[in-house]
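First the structure, in the form of structure tokens, and then the observations on it.
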Amino acid sequence: MRPLQRVTTTTIEVLQCIYSFDGEGVWGLEIAKLTGLKTGTVYPILERLESLGWLDSEWEITQDRSGPRRRTYKLTADASQEMRELTRKLPPVHQDTKSWNLALRQGFLG
Amino acid sequence: MSPILALALRVIPADLREKYSEIWRADNYASDGYENGADFKQFQFLSLGLQLRWQSDSFRLGRLAIRALIVIALVAVYAEFGLVRDMLVLLIVWWLIKRSDFRAIHSKRALEATGVHLVVSLCSFVLGLLVFITGGRIEEHEAHSFQTLAVLGNLVVALSFLTAACASFFWIADFVTTKNVFVTGKLFLVVAIGFLGIQWLQQARNVSELIDSASWVSSALAPLSRVQQVTSNLVLPLLLILSGLHALTRLRGKRRNQASIT
């Protein structure tokens, strides 16, 4: 896993959102809906995080629904570990996006 | 397939085209329980394609070329338009103040004065231009109204001198009286605003010359032109040095923080 070179607030929001699914795969549109971001913003971030080794993605395999298959994303084991540590290091009261952003910029995850 | 969609697919890097084409289809599939039909519009898909292209490794040269073009365009605009130079300097000063945790005392007043000056300066320029254009082709019976316009122009120019002096004074007062900035930082900002003040005065003089080239204001402030030429060329390098120093200080602080965390 390579360190994040450019940590934007939206990157943190996407990471937090995926982390909240606790290892379960979540698809791009759902992340967009939960974070309130446009899909045109979310997918490039997902692509970047995946290329840096922070995310794994796979095509959804389910017989429950018809239609085109969806691409689901989840944190890699290393990224999950880093997110866990970051959550532990930041006091609960400071776990807003700004604090996460600051912590990431200060090199917690580098 | 619509032309926008075709373009979007063309823009997406070849190795990601199939993947995103399928993602797009899934996101638009109406019967999947999500109300997503309207969310993923074609223009958004095009925007996604552009962003994917921009961040792809194969587009490294393109990124470099576009960034170079933007820099060249900005330099050209900066060199060509005085107003852009003023705005840029103001923007850098504002940014520096914001980033420096500058516990400013008079900044609100200074900002207001700067805003008023920019408006007055623009009005005086418009009036000056009007006087200059109409001055050459007035009939005898229109002489009175022309004189009124010229007097009004001169009044606004005088006001512009005053507002420029006021704005510069407030900025300097703000920088001098602030408590938590080092002397070098204060000195830099005072010099930068001093230069900017000279530039503002020179612009007012230019408008005054436009209205009446033989006026005493133009001749009295003639040396200002030479001073302004020297100082305005120094404004940007000076502010770049200060920005660099500021960035360096922040980097050092960040490293210190990191060391204390680990």
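So you can find residues: chains in the structure tokens are A, B, ... in the order shown, residues in each start at 1, and ligands are numbered from 1 in order.
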Restrict the calculation to only C-alpha atoms, then for each residue of chain B with any atom at most 6 Å from an atom of chain A give the closest atom pair and their distance in Å to one decimal, rows by chain and rising residue number, as a tab-separated table.
residue	atom	partner	partner_atom	distance
B:Ala26	CA	A:Pro68	CA	5.0
B:Gln44	CA	A:Gly40	CA	5.6
B:Leu48	CA	A:Gly40	CA	4.5
B:Leu52	CA	A:Pro44	CA	5.8
### Selection: 8 Å around stretch 35-37 of chain A, only C-alpha atoms, excl. self and same-chain fewer than 6 positions, as JSON, numbers by chain
{"A": [10, 13, 14, 17]}
### Message
Could you list, as number ranges by chain, every residue within 12 Å of B:Leu221, counting only C-alpha atoms and ignoring same-chain residues fewer than 5 positions away?
### Response
B: 161, 198, 201-206, 208-209, 213-216, 226-228
#### Entry: alpha helix (DSSP H) positions in stretch 33-84 of chain B, given as a PyMOL selection string
chain B and resi 42-55+60-80+82-84
### Task
Kindly give the distance, in Å, that separates atom CA of B:Val120 and atom CA of B:Val156, rounded to a single decimal.
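If I compute the distance from atom CA of B:Val120 to atom CA of B:Val156, I get 6.9 Å.
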#### Entry: Computed interatomic separation between atom CA of B:Leu210 and atom CA of B:Ala113 (Å)
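Computed distance, atom CA of B:Leu210 to atom CA of B:Ala113, equals 24.5 Å.
Using only C-alpha atoms, the smallest distance between any of A:Glu60, A:Val26, A:Met1, A:Ile31 and A:Ala79 comes from A:Met1.
One distance worth recording is that between atom CA of B:Glu18 and atom CA of B:Met1, which is 15.3 Å.
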